[in-house]
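**Q** Just one file: upload03.tsv, with TSV, C-alpha atoms.
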chain	number	residue	atom	x	y	z
A	1159	MET	CA	0.00	0.00	0.00
A	1160	SER	CA	1.28	3.45	-0.82
A	1161	ALA	CA	2.20	5.81	1.99
A	1162	HIS	CA	-0.73	7.95	0.87
A	1163	HIS	CA	-3.09	5.22	2.04
A	1164	ALA	CA	-1.28	4.11	5.20
A	1165	TRP	CA	-3.88	5.65	7.48
A	1166	PRO	CA	-2.94	5.70	11.14
A	1167	GLY	CA	-4.90	3.63	13.62
A	1168	PRO	CA	-6.05	4.97	16.96
A	1169	GLY	CA	-3.20	6.27	19.09
A	1170	PRO	CA	-2.63	8.46	22.14
A	1171	GLY	CA	-4.64	11.66	21.89
A	1172	SER	CA	-6.49	10.50	18.79
A	1173	ARG	CA	-10.22	10.90	18.40
A	1174	PRO	CA	-12.94	8.65	17.05
A	1175	ARG	CA	-13.38	8.48	13.32
A	1176	VAL	CA	-16.96	8.37	12.04
A	1177	GLY	CA	-17.55	5.72	9.39
A	1178	LEU	CA	-20.45	4.53	7.26
A	1179	SER	CA	-21.24	0.82	6.99
A	1180	THR	CA	-21.92	-0.46	3.50
A	1181	SER	CA	-25.04	-2.07	5.00
A	1182	SER	CA	-26.42	1.43	5.69
A	1183	VAL	CA	-27.07	2.06	1.99
A	1184	TYR	CA	-28.64	-1.34	1.22
A	1185	PRO	CA	-30.24	-2.10	-1.25
A	1186	GLU	CA	-27.74	0.21	-2.91
A	1187	SER	CA	-24.29	-1.22	-3.57
A	1188	THR	CA	-20.91	-1.22	-1.85
A	1189	ALA	CA	-19.69	1.17	-4.54
A	1190	SER	CA	-22.60	3.52	-3.74
A	1191	CYS	CA	-21.54	3.55	-0.08
A	1192	PHE	CA	-18.02	4.71	-0.94
A	1193	GLU	CA	-19.39	7.43	-3.20
A	1194	LEU	CA	-21.96	8.63	-0.66
A	1195	ALA	CA	-19.61	8.46	2.32
A	1196	GLY	CA	-16.97	10.43	0.46
A	1197	ARG	CA	-19.37	13.09	-0.72
A	1198	LEU	CA	-21.07	13.52	2.66
A	1199	GLY	CA	-17.78	13.78	4.56
A	1200	TYR	CA	-17.62	10.53	6.53
A	1201	ASP	CA	-14.11	9.62	7.70
A	1202	GLY	CA	-14.25	6.17	6.12
A	1203	VAL	CA	-16.22	3.02	5.41
A	1204	GLU	CA	-16.87	-0.32	7.09
A	1205	VAL	CA	-17.19	-3.07	4.49
A	1206	MET	CA	-19.85	-5.64	5.29
A	1207	VAL	CA	-18.59	-8.68	3.37
A	1208	GLY	CA	-21.61	-10.46	1.99
A	1209	ILE	CA	-24.30	-10.33	-0.65
A	1210	ASP	CA	-22.83	-7.71	-3.02
A	1211	PRO	CA	-20.08	-9.40	-5.11
A	1212	VAL	CA	-17.93	-6.25	-4.87
A	1213	SER	CA	-17.86	-6.59	-1.08
A	1214	ARG	CA	-16.17	-9.99	-1.51
A	1215	ASP	CA	-13.63	-8.79	-4.10
A	1216	VAL	CA	-10.66	-7.24	-2.31
A	1217	ASP	CA	-9.10	-5.95	-5.56
A	1218	ALA	CA	-12.34	-4.08	-6.33
A	1219	LEU	CA	-12.46	-2.69	-2.79
A	1220	VAL	CA	-8.88	-1.42	-3.09
A	1221	GLU	CA	-9.86	0.34	-6.32
A	1222	LEU	CA	-12.89	1.95	-4.66
A	1223	ARG	CA	-10.82	3.06	-1.68
A	1224	ASP	CA	-8.17	4.62	-3.91
A	1225	TYR	CA	-10.62	6.19	-6.38
A	1226	HIS	CA	-12.61	7.90	-3.63
A	1227	ASP	CA	-9.51	8.51	-1.47
A	1228	LEU	CA	-11.52	7.20	1.48
A	1229	PRO	CA	-10.15	4.87	4.17
A	1230	VAL	CA	-11.61	1.47	4.92
A	1231	LEU	CA	-11.79	1.61	8.70
A	1232	SER	CA	-13.01	-1.91	9.38
A	1233	VAL	CA	-14.11	-5.15	7.77
A	1234	HIS	CA	-17.23	-6.99	8.95
A	1235	ALA	CA	-16.53	-10.71	8.53
A	1236	PRO	CA	-19.17	-12.77	6.67
A	1237	THR	CA	-20.54	-14.44	9.80
A	1238	LEU	CA	-24.25	-13.73	9.33
A	1239	LEU	CA	-26.86	-16.38	8.55
A	1240	VAL	CA	-27.20	-15.02	5.00
A	1241	THR	CA	-23.45	-15.22	4.37
A	1242	GLN	CA	-22.86	-18.81	5.50
A	1243	GLY	CA	-21.33	-19.67	2.11
A	1244	THR	CA	-19.34	-16.47	1.61
A	1245	TRP	CA	-15.56	-16.98	1.53
A	1246	GLY	CA	-15.97	-20.70	2.11
A	1247	ARG	CA	-17.83	-22.82	4.63
A	1248	ASP	CA	-15.03	-23.00	7.20
A	1249	PRO	CA	-15.61	-20.18	9.73
A	1250	TRP	CA	-11.91	-19.90	10.58
A	1251	GLU	CA	-11.08	-19.51	6.89
A	1252	LYS	CA	-13.61	-16.67	6.72
A	1253	LEU	CA	-11.87	-14.88	9.59
A	1254	GLU	CA	-8.40	-15.43	8.15
A	1255	ARG	CA	-9.56	-14.06	4.79
A	1256	SER	CA	-11.12	-11.09	6.61
A	1257	ALA	CA	-7.75	-10.35	8.23
A	1258	VAL	CA	-6.00	-10.55	4.85
A	1259	ALA	CA	-8.60	-8.16	3.41
A	1260	ALA	CA	-8.15	-5.78	6.35
A	1261	HIS	CA	-4.37	-5.73	5.82
A	1262	ARG	CA	-4.72	-5.00	2.11
A	1263	LEU	CA	-7.32	-2.30	2.70
A	1264	GLY	CA	-5.45	-0.60	5.57
A	1265	ALA	CA	-8.23	-1.41	8.07
A	1266	ASP	CA	-7.23	-2.14	11.66
A	1267	CYS	CA	-10.34	-3.98	12.85
A	1268	VAL	CA	-12.40	-7.02	11.89
A	1269	VAL	CA	-15.90	-7.22	13.37
A	1270	VAL	CA	-17.07	-10.76	14.10
A	1271	HIS	CA	-20.27	-12.25	15.50
A	1272	PRO	CA	-20.22	-15.05	18.09
A	1273	PRO	CA	-20.60	-18.53	16.57
A	1274	PHE	CA	-23.98	-20.13	16.02
A	1275	ARG	CA	-24.78	-22.98	18.38
A	1276	TRP	CA	-24.72	-25.54	15.57
A	1277	GLN	CA	-21.10	-24.61	14.69
A	1278	ARG	CA	-19.94	-26.85	17.53
A	1279	SER	CA	-16.18	-27.16	17.01
A	1280	TYR	CA	-15.87	-23.50	16.00
A	1281	ALA	CA	-17.80	-22.45	19.11
A	1282	GLN	CA	-15.75	-24.65	21.44
A	1283	GLY	CA	-12.46	-23.09	20.33
A	1284	PHE	CA	-13.76	-19.60	19.58
A	1285	VAL	CA	-12.32	-17.60	22.47
A	1286	GLU	CA	-8.85	-19.09	22.10
A	1287	GLY	CA	-9.04	-18.93	18.31
A	1288	ILE	CA	-9.84	-15.21	18.30
A	1289	ARG	CA	-6.83	-14.54	20.52
A	1290	ARG	CA	-4.61	-16.64	18.26
A	1291	LEU	CA	-5.81	-14.77	15.16
A	1292	GLU	CA	-5.09	-11.41	16.76
A	1293	ARG	CA	-1.60	-12.57	17.64
A	1294	THR	CA	-0.80	-14.06	14.22
A	1295	THR	CA	-2.41	-11.40	12.00
A	1296	GLY	CA	-1.84	-8.20	13.98
A	1297	ILE	CA	-5.48	-7.25	13.33
A	1298	VAL	CA	-7.99	-6.50	16.08
A	1299	PHE	CA	-10.93	-8.92	16.09
A	1300	ALA	CA	-13.76	-7.16	17.93
A	1301	VAL	CA	-16.54	-9.57	18.95
A	1302	GLU	CA	-20.00	-8.01	18.64
A	1303	ASN	CA	-22.84	-8.18	21.15
A	1304	MET	CA	-25.85	-9.98	19.71
A	1305	PHE	CA	-29.29	-10.80	21.15
A	1306	PRO	CA	-31.46	-13.80	21.97
A	1307	TRP	CA	-33.74	-15.10	19.25
A	1308	ARG	CA	-37.32	-15.25	20.49
A	1309	GLY	CA	-39.89	-17.84	19.54
A	1310	PRO	CA	-43.57	-18.38	20.40
A	1311	ARG	CA	-44.73	-16.65	23.61
A	1312	ASN	CA	-41.44	-14.76	23.67
A	1313	ALA	CA	-39.46	-17.88	24.60
A	1314	GLU	CA	-35.72	-17.46	24.13
A	1315	ILE	CA	-34.09	-19.65	21.49
A	1316	ARG	CA	-30.42	-20.41	22.08
A	1317	ALA	CA	-28.84	-19.50	18.74
A	1318	TYR	CA	-25.30	-18.56	19.77
A	1319	ALA	CA	-22.49	-20.34	21.60
A	1320	PRO	CA	-20.79	-19.58	23.94
A	1321	GLY	CA	-23.67	-17.02	23.95
A	1322	TRP	CA	-25.06	-13.84	22.42
A	1323	ASP	CA	-23.58	-11.55	25.10
A	1324	PRO	CA	-19.75	-11.43	24.95
A	1325	THR	CA	-19.45	-9.55	28.26
A	1326	GLU	CA	-18.33	-12.57	30.29
A	1327	GLY	CA	-16.15	-13.99	27.51
A	1328	ASP	CA	-12.37	-13.68	27.73
A	1329	TYR	CA	-12.11	-11.34	24.73
A	1330	ASP	CA	-9.68	-8.44	24.51
A	1331	HIS	CA	-11.77	-6.43	22.04
A	1332	LEU	CA	-15.52	-5.94	21.71
A	1333	THR	CA	-17.92	-4.20	19.30
A	1334	LEU	CA	-20.97	-2.44	20.78
A	1335	ASP	CA	-24.07	-2.43	18.55
A	1336	LEU	CA	-26.82	-0.26	20.05
A	1337	SER	CA	-29.62	-1.93	18.09
A	1338	HIS	CA	-28.52	-5.39	19.25
A	1339	ALA	CA	-28.47	-4.13	22.85
A	1340	ALA	CA	-32.03	-2.86	22.43
A	1341	THR	CA	-33.26	-6.15	20.98
A	1342	ALA	CA	-31.56	-7.97	23.88
A	1343	ARG	CA	-33.30	-5.54	26.30
A	1344	GLN	CA	-29.98	-4.30	27.60
A	1345	ARG	CA	-28.69	-0.75	28.06
A	1346	SER	CA	-25.71	0.23	25.95
A	1347	LEU	CA	-24.49	2.47	28.79
A	1348	ASP	CA	-24.40	-0.58	31.09
A	1349	LEU	CA	-22.38	-2.53	28.51
A	1350	ILE	CA	-19.88	0.33	28.20
A	1351	ASP	CA	-19.46	0.24	31.99
A	1352	ALA	CA	-19.06	-3.53	32.05
A	1353	TRP	CA	-16.61	-3.66	29.15
A	1354	GLY	CA	-14.30	-0.80	30.08
A	1355	GLU	CA	-11.21	-0.71	27.89
A	1356	ARG	CA	-12.34	-3.78	25.95
A	1357	LEU	CA	-14.78	-1.55	24.03
A	1358	THR	CA	-12.94	-1.11	20.75
A	1359	HIS	CA	-15.53	-0.45	18.04
A	1360	VAL	CA	-19.08	0.97	17.93
A	1361	HIS	CA	-21.95	0.35	15.55
A	1362	LEU	CA	-23.94	3.54	16.00
A	1363	THR	CA	-27.63	2.89	15.54
A	1364	ASP	CA	-30.63	2.58	17.85
A	1365	GLY	CA	-33.44	0.18	18.60
A	1366	ASP	CA	-36.41	-0.72	20.73
A	1367	ALA	CA	-37.31	-3.82	22.65
A	1368	SER	CA	-39.08	-5.44	19.70
A	1369	ILE	CA	-38.10	-8.92	18.51
A	1370	SER	CA	-36.69	-7.58	15.25
A	1371	ASP	CA	-33.23	-6.02	15.12
A	1372	SER	CA	-34.42	-2.66	13.83
A	1373	HIS	CA	-31.22	-0.61	13.31
A	1374	LEU	CA	-32.98	2.72	13.74
A	1375	PHE	CA	-31.18	6.02	13.34
A	1376	PRO	CA	-29.46	7.18	16.56
A	1377	GLY	CA	-31.91	9.04	18.78
A	1378	GLU	CA	-34.97	7.18	17.43
A	1379	GLY	CA	-34.91	4.29	19.93
A	1380	ASP	CA	-34.50	3.50	23.61
A	1381	GLN	CA	-30.69	3.35	23.87
A	1382	ASP	CA	-30.08	7.01	24.78
A	1383	ALA	CA	-27.61	7.27	21.92
A	1384	GLY	CA	-26.67	10.85	22.77
A	1385	ALA	CA	-25.64	9.81	26.28
A	1386	VAL	CA	-23.70	6.88	24.79
A	1387	MET	CA	-21.73	9.32	22.63
A	1388	ALA	CA	-21.10	11.58	25.65
A	1389	GLU	CA	-19.84	8.57	27.62
A	1390	LEU	CA	-17.45	7.65	24.80
A	1391	VAL	CA	-16.07	11.19	24.87
A	1392	ALA	CA	-15.74	11.12	28.66
A	1393	ARG	CA	-13.76	7.88	28.47
A	1394	GLY	CA	-11.46	9.13	25.72
A	1395	PHE	CA	-12.67	6.48	23.27
A	1396	ALA	CA	-10.52	6.59	20.14
A	1397	GLY	CA	-11.90	3.67	18.12
A	1398	HIS	CA	-14.25	3.88	15.17
A	1399	VAL	CA	-17.90	4.91	15.42
A	1400	VAL	CA	-19.62	3.39	12.39
A	1401	LEU	CA	-23.18	4.32	11.42
A	1402	GLU	CA	-25.01	1.04	10.80
A	1403	VAL	CA	-28.65	1.86	10.13
A	1404	ASN	CA	-31.51	0.43	8.08
A	1405	THR	CA	-32.45	2.73	5.20
A	1406	ARG	CA	-34.38	0.15	3.15
A	1407	SER	CA	-37.70	1.91	3.72
A	1408	ILE	CA	-36.32	5.24	2.47
A	1409	GLY	CA	-37.68	5.41	-1.03
A	1410	SER	CA	-35.35	7.69	-2.95
A	1411	ARG	CA	-31.60	8.19	-3.26
A	1412	SER	CA	-31.89	11.86	-2.34
A	1413	ALA	CA	-33.89	11.09	0.82
A	1414	ARG	CA	-31.36	8.40	1.85
A	1415	GLU	CA	-28.53	10.87	1.26
A	1416	GLU	CA	-30.25	13.54	3.37
A	1417	ALA	CA	-30.87	11.07	6.21
A	1418	LEU	CA	-27.24	9.89	6.22
A	1419	ALA	CA	-26.02	13.51	6.13
A	1420	ARG	CA	-28.20	14.36	9.15
A	1421	ALA	CA	-26.92	11.30	11.00
A	1422	LEU	CA	-23.32	12.33	10.34
A	1423	ALA	CA	-23.99	15.85	11.61
A	1424	TRP	CA	-25.72	14.42	14.71
A	1425	THR	CA	-22.79	12.10	15.41
A	1426	ARG	CA	-20.13	14.78	14.97
A	1427	ALA	CA	-22.08	17.15	17.22
A	1428	HIS	CA	-22.47	14.55	19.99
A	1429	LEU	CA	-18.85	13.41	19.77
A	1430	GLY	CA	-17.52	16.95	19.42
A	1431	VAL	CA	-15.34	15.96	16.49
A	1432	PRO	CA	-15.00	18.03	13.32
A	1433	ALA	CA	-14.53	16.50	9.90
A	1434	MET	CA	-11.10	15.05	9.18
A	1435	PRO	CA	-8.86	17.58	7.35
Hey, can you dump this file as structure tokens for me?

**A**
Amino acid sequence: MSAHHAWPGPGPGSRPRVGLSTSSVYPESTASCFELAGRLGYDGVEVMVGIDPVSRDVDALVELRDYHDLPVLSVHAPTLLVTQGTWGRDPWEKLERSAVAAHRLGADCVVVHPPFRWQRSYAQGFVEGIRRLERTTGIVFAVENMFPWRGPRNAEIRAYAPGWDPTEGDYDHLTLDLSHAATARQRSLDLIDAWGERLTHVHLTDGDASISDSHLFPGEGDQDAGAVMAELVARGFAGHVVLEVNTRSIGSRSAREEALARALAWTRAHLGVPAMP
């Protein structure tokens, strides 16, 4: 990678960078996310590896990064139900390929979900395997908080192993998703307290206590997103704050663009961070 694209990771005295997840423009494309994020003034992009073929093509992602002169802050590994076949069927291979992609793209963080319960051997060795990957790749693997699946009469279905809440797991780095906290009927502020310095990465969104993972815009749900941002500032958080919202119901490109511009302004105001020079 050229020196021009060797973006620095968080360091002493650094401030959060505000990114846009490629999932926030769905059903628009990964390429659209780079274009929109660059034009609106986001500090970078998180690539959700998955359905869009471009998101799985690291050469194409490098071209988009260079063309738009926009950093890739983080890579979201293809560990969702809908991406079970992306980058192979072996979950460890997926994570290794995610680390390779992060290196090539200049990203310093891979976001990963806890294993599904039916991925038995992967789940049994997950905690140790994440630590080994961090050691061998030099990339941060930040495990994301999830939520219980709920069945008839609100009964909890055990979908994840070791579990959907990584708080008690022996992980060095964690990703806080505000919508997932809402769906799990947790408070993001409580998770920040419990995690301390393990909080490495934030998916800025919002939610309510409904069964569906709603990914509302920050301030539209029950997670007190403004107070979450204030707490990050108070703690000197210097990781990435990535807007990961659902804009599928927004009918037009111009309306989506306006909503994402407002969200960026809201985030910068609450974090007290100006645009990157």

**Q** How would you write as a compact mmCIF listing (two decimals) with C-alpha atoms, in the frame of the given file the residues that get within 12 Å of (-33.2, 6.0, 29.0) in the file's frame, counting only C-alpha atoms?

**A**
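After the write, part_38.txt holds the following:
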# COMPACT_ATOMS: atom_id res chain seq x y z
CA ALA A 1340 -32.03 -2.86 22.43
CA ARG A 1343 -33.30 -5.54 26.30
CA GLN A 1344 -29.98 -4.30 27.60
CA ARG A 1345 -28.69 -0.75 28.06
CA SER A 1346 -25.71 0.23 25.95
CA LEU A 1347 -24.49 2.47 28.79
CA ASP A 1348 -24.40 -0.58 31.09
CA ASP A 1364 -30.63 2.58 17.85
CA GLY A 1365 -33.44 0.18 18.60
CA ASP A 1366 -36.41 -0.72 20.73
CA GLY A 1377 -31.91 9.04 18.78
CA GLU A 1378 -34.97 7.18 17.43
CA GLY A 1379 -34.91 4.29 19.93
CA ASP A 1380 -34.50 3.50 23.61
CA GLN A 1381 -30.69 3.35 23.87
CA ASP A 1382 -30.08 7.01 24.78
CA ALA A 1383 -27.61 7.27 21.92
CA GLY A 1384 -26.67 10.85 22.77
CA ALA A 1385 -25.64 9.81 26.28
CA VAL A 1386 -23.70 6.88 24.79

**Q** Do you have the CA of Asp1330 (chain A)-CA of Phe1274 (chain A) distance handy?

**A** 20.3 Å

**Q** Can you tell me, as a tab-separated table (two decimals) with C-alpha atoms, keeping the file's coordinate frame, which residues sit within 9 Å of (-24.7, 2.1, 18.8) in the file's frame, using all atoms listed in the file?

**A**
chain	number	residue	atom	x	y	z
A	1334	LEU	CA	-20.97	-2.44	20.78
A	1335	ASP	CA	-24.07	-2.43	18.55
A	1336	LEU	CA	-26.82	-0.26	20.05
A	1337	SER	CA	-29.62	-1.93	18.09
A	1338	HIS	CA	-28.52	-5.39	19.25
A	1339	ALA	CA	-28.47	-4.13	22.85
A	1346	SER	CA	-25.71	0.23	25.95
A	1360	VAL	CA	-19.08	0.97	17.93
A	1361	HIS	CA	-21.95	0.35	15.55
A	1362	LEU	CA	-23.94	3.54	16.00
A	1363	THR	CA	-27.63	2.89	15.54
A	1364	ASP	CA	-30.63	2.58	17.85
A	1365	GLY	CA	-33.44	0.18	18.60
A	1373	HIS	CA	-31.22	-0.61	13.31
A	1376	PRO	CA	-29.46	7.18	16.56
A	1381	GLN	CA	-30.69	3.35	23.87
A	1383	ALA	CA	-27.61	7.27	21.92
A	1386	VAL	CA	-23.70	6.88	24.79
A	1387	MET	CA	-21.73	9.32	22.63
A	1399	VAL	CA	-17.90	4.91	15.42
A	1400	VAL	CA	-19.62	3.39	12.39
A	1401	LEU	CA	-23.18	4.32	11.42
A	1402	GLU	CA	-25.01	1.04	10.80

**Q** Show which residues sit within 10 Å of Leu1231 (chain A), as number ranges by chain. Count all atoms listed in the file, and ignore same-chain residues fewer than 2 positions away.

**A** A: 1165, 1167, 1175-1179, 1201-1205, 1228-1229, 1233, 1260, 1263-1268, 1397-1400

**Q** Taking only C-alpha atoms into account, name the residue in A:Val1298, A:Met1206, A:Ala1189, A:Val1258 that is nearest to Tyr1329 (chain A).

**A**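 Among A:Val1298, A:Met1206, A:Ala1189, A:Val1258, it is A:Val1298 that comes nearest to Tyr1329 (chain A).
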
**Q** Between CA of Arg1247 (chain A) and CA of Ser1370 (chain A), what is the distance, to one decimal in Å?

**A**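 CA of Arg1247 (chain A) sits 26.5 Å away from CA of Ser1370 (chain A).
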
**Q** CA of Thr1237 (chain A) to CA of Ala1396 (chain A): how many Å, to one decimal?

**A**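 Between these atoms lies a distance of 25.5 Å.
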
**Q** Region 1302-1305 of chain A: which residues within 6 Å, counting only C-alpha atoms, same-chain residues fewer than 3 positions away excluded, as a tab-separated table (two decimals) with C-alpha atoms, keeping the file's coordinate frame?

**A**
chain	number	residue	atom	x	y	z
A	1271	HIS	CA	-20.27	-12.25	15.50
A	1322	TRP	CA	-25.06	-13.84	22.42
A	1323	ASP	CA	-23.58	-11.55	25.10
A	1324	PRO	CA	-19.75	-11.43	24.95
A	1332	LEU	CA	-15.52	-5.94	21.71
A	1333	THR	CA	-17.92	-4.20	19.30
A	1338	HIS	CA	-28.52	-5.39	19.25
A	1342	ALA	CA	-31.56	-7.97	23.88

**Q** Identify which of the residues A:Arg1420, A:Arg1411, A:His1359, A:His1428 lies closest to Glu1389 (chain A), counting all atoms listed in the file when measuring atom-to-atom distances.

**A**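 Nearest to Glu1389 (chain A): A:His1428.
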
**Q** Could you give me the axis-aligned bounding box of region 1205-1214 of chain A, with 3 Å of padding per side, as centre plus edge lengths in Å to one decimal, as AutoDock Vina command-line options?

**A**
--center_x -20.2 --center_y -6.8 --center_z 0.1 --size_x 14.1 --size_y 13.4 --size_z 16.4

**Q** Select, from A:Ile1408, A:Ile1209, A:Val1431, A:Ala1419, the residue with the minimum atom-to-atom distance to Leu1194 (chain A), counting only C-alpha atoms.

**A**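 Going through A:Ile1408, A:Ile1209, A:Val1431, A:Ala1419 one by one, the smallest distance to Leu1194 (chain A) is for A:Ala1419.
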
**Q** Quick one: of A:Arg1223, A:Tyr1200, A:Ala1300, A:Ala1195, who's nearest to Ala1235 (chain A), counting all atoms listed in the file?

**A**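 Among the listed residues, the smallest separation from Ala1235 (chain A) belongs to A:Ala1300.
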
**Q** So, counting only C-alpha atoms, which residue among A:Pro1211, A:Pro1306, A:Gly1243, A:Gly1354 is closest to Ile1369 (chain A)?

**A** A:Pro1306

**Q** Ranking A:Cys1191, A:Leu1198, A:Val1216, A:Ala1417 by minimum distance to Phe1375 (chain A) and counting all atoms listed in the file, which one comes first?

**A**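 Among the listed residues, the smallest separation from Phe1375 (chain A) belongs to A:Ala1417.
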
**Q** Considering only C-alpha atoms, return as a PyMOL selection string whatever protein or nucleic-acid residues lie within 9 Å of region 1285-1293 of chain A, sequence-local ones (same chain, fewer than 2 positions apart) excluded.

**A** chain A and resi 1250+1253-1254+1257+1280-1283+1295-1301+1320+1327-1330

**Q** Would you save the residues from that selection as an mmCIF file, in the frame of the given file, using C-alpha atoms?

**A**
data_model
loop_
_atom_site.group_PDB
_atom_site.id
_atom_site.type_symbol
_atom_site.label_atom_id
_atom_site.label_comp_id
_atom_site.auth_asym_id
_atom_site.auth_seq_id
_atom_site.Cartn_x
_atom_site.Cartn_y
_atom_site.Cartn_z
ATOM 1 C CA TRP A 1250 -11.910 -19.900 10.580
ATOM 2 C CA LEU A 1253 -11.870 -14.880 9.590
ATOM 3 C CA GLU A 1254 -8.400 -15.430 8.150
ATOM 4 C CA ALA A 1257 -7.750 -10.350 8.230
ATOM 5 C CA TYR A 1280 -15.870 -23.500 16.000
ATOM 6 C CA ALA A 1281 -17.800 -22.450 19.110
ATOM 7 C CA GLN A 1282 -15.750 -24.650 21.440
ATOM 8 C CA GLY A 1283 -12.460 -23.090 20.330
ATOM 9 C CA THR A 1295 -2.410 -11.400 12.000
ATOM 10 C CA GLY A 1296 -1.840 -8.200 13.980
ATOM 11 C CA ILE A 1297 -5.480 -7.250 13.330
ATOM 12 C CA VAL A 1298 -7.990 -6.500 16.080
ATOM 13 C CA PHE A 1299 -10.930 -8.920 16.090
ATOM 14 C CA ALA A 1300 -13.760 -7.160 17.930
ATOM 15 C CA VAL A 1301 -16.540 -9.570 18.950
ATOM 16 C CA PRO A 1320 -20.790 -19.580 23.940
ATOM 17 C CA GLY A 1327 -16.150 -13.990 27.510
ATOM 18 C CA ASP A 1328 -12.370 -13.680 27.730
ATOM 19 C CA TYR A 1329 -12.110 -11.340 24.730
ATOM 20 C CA ASP A 1330 -9.680 -8.440 24.510
#
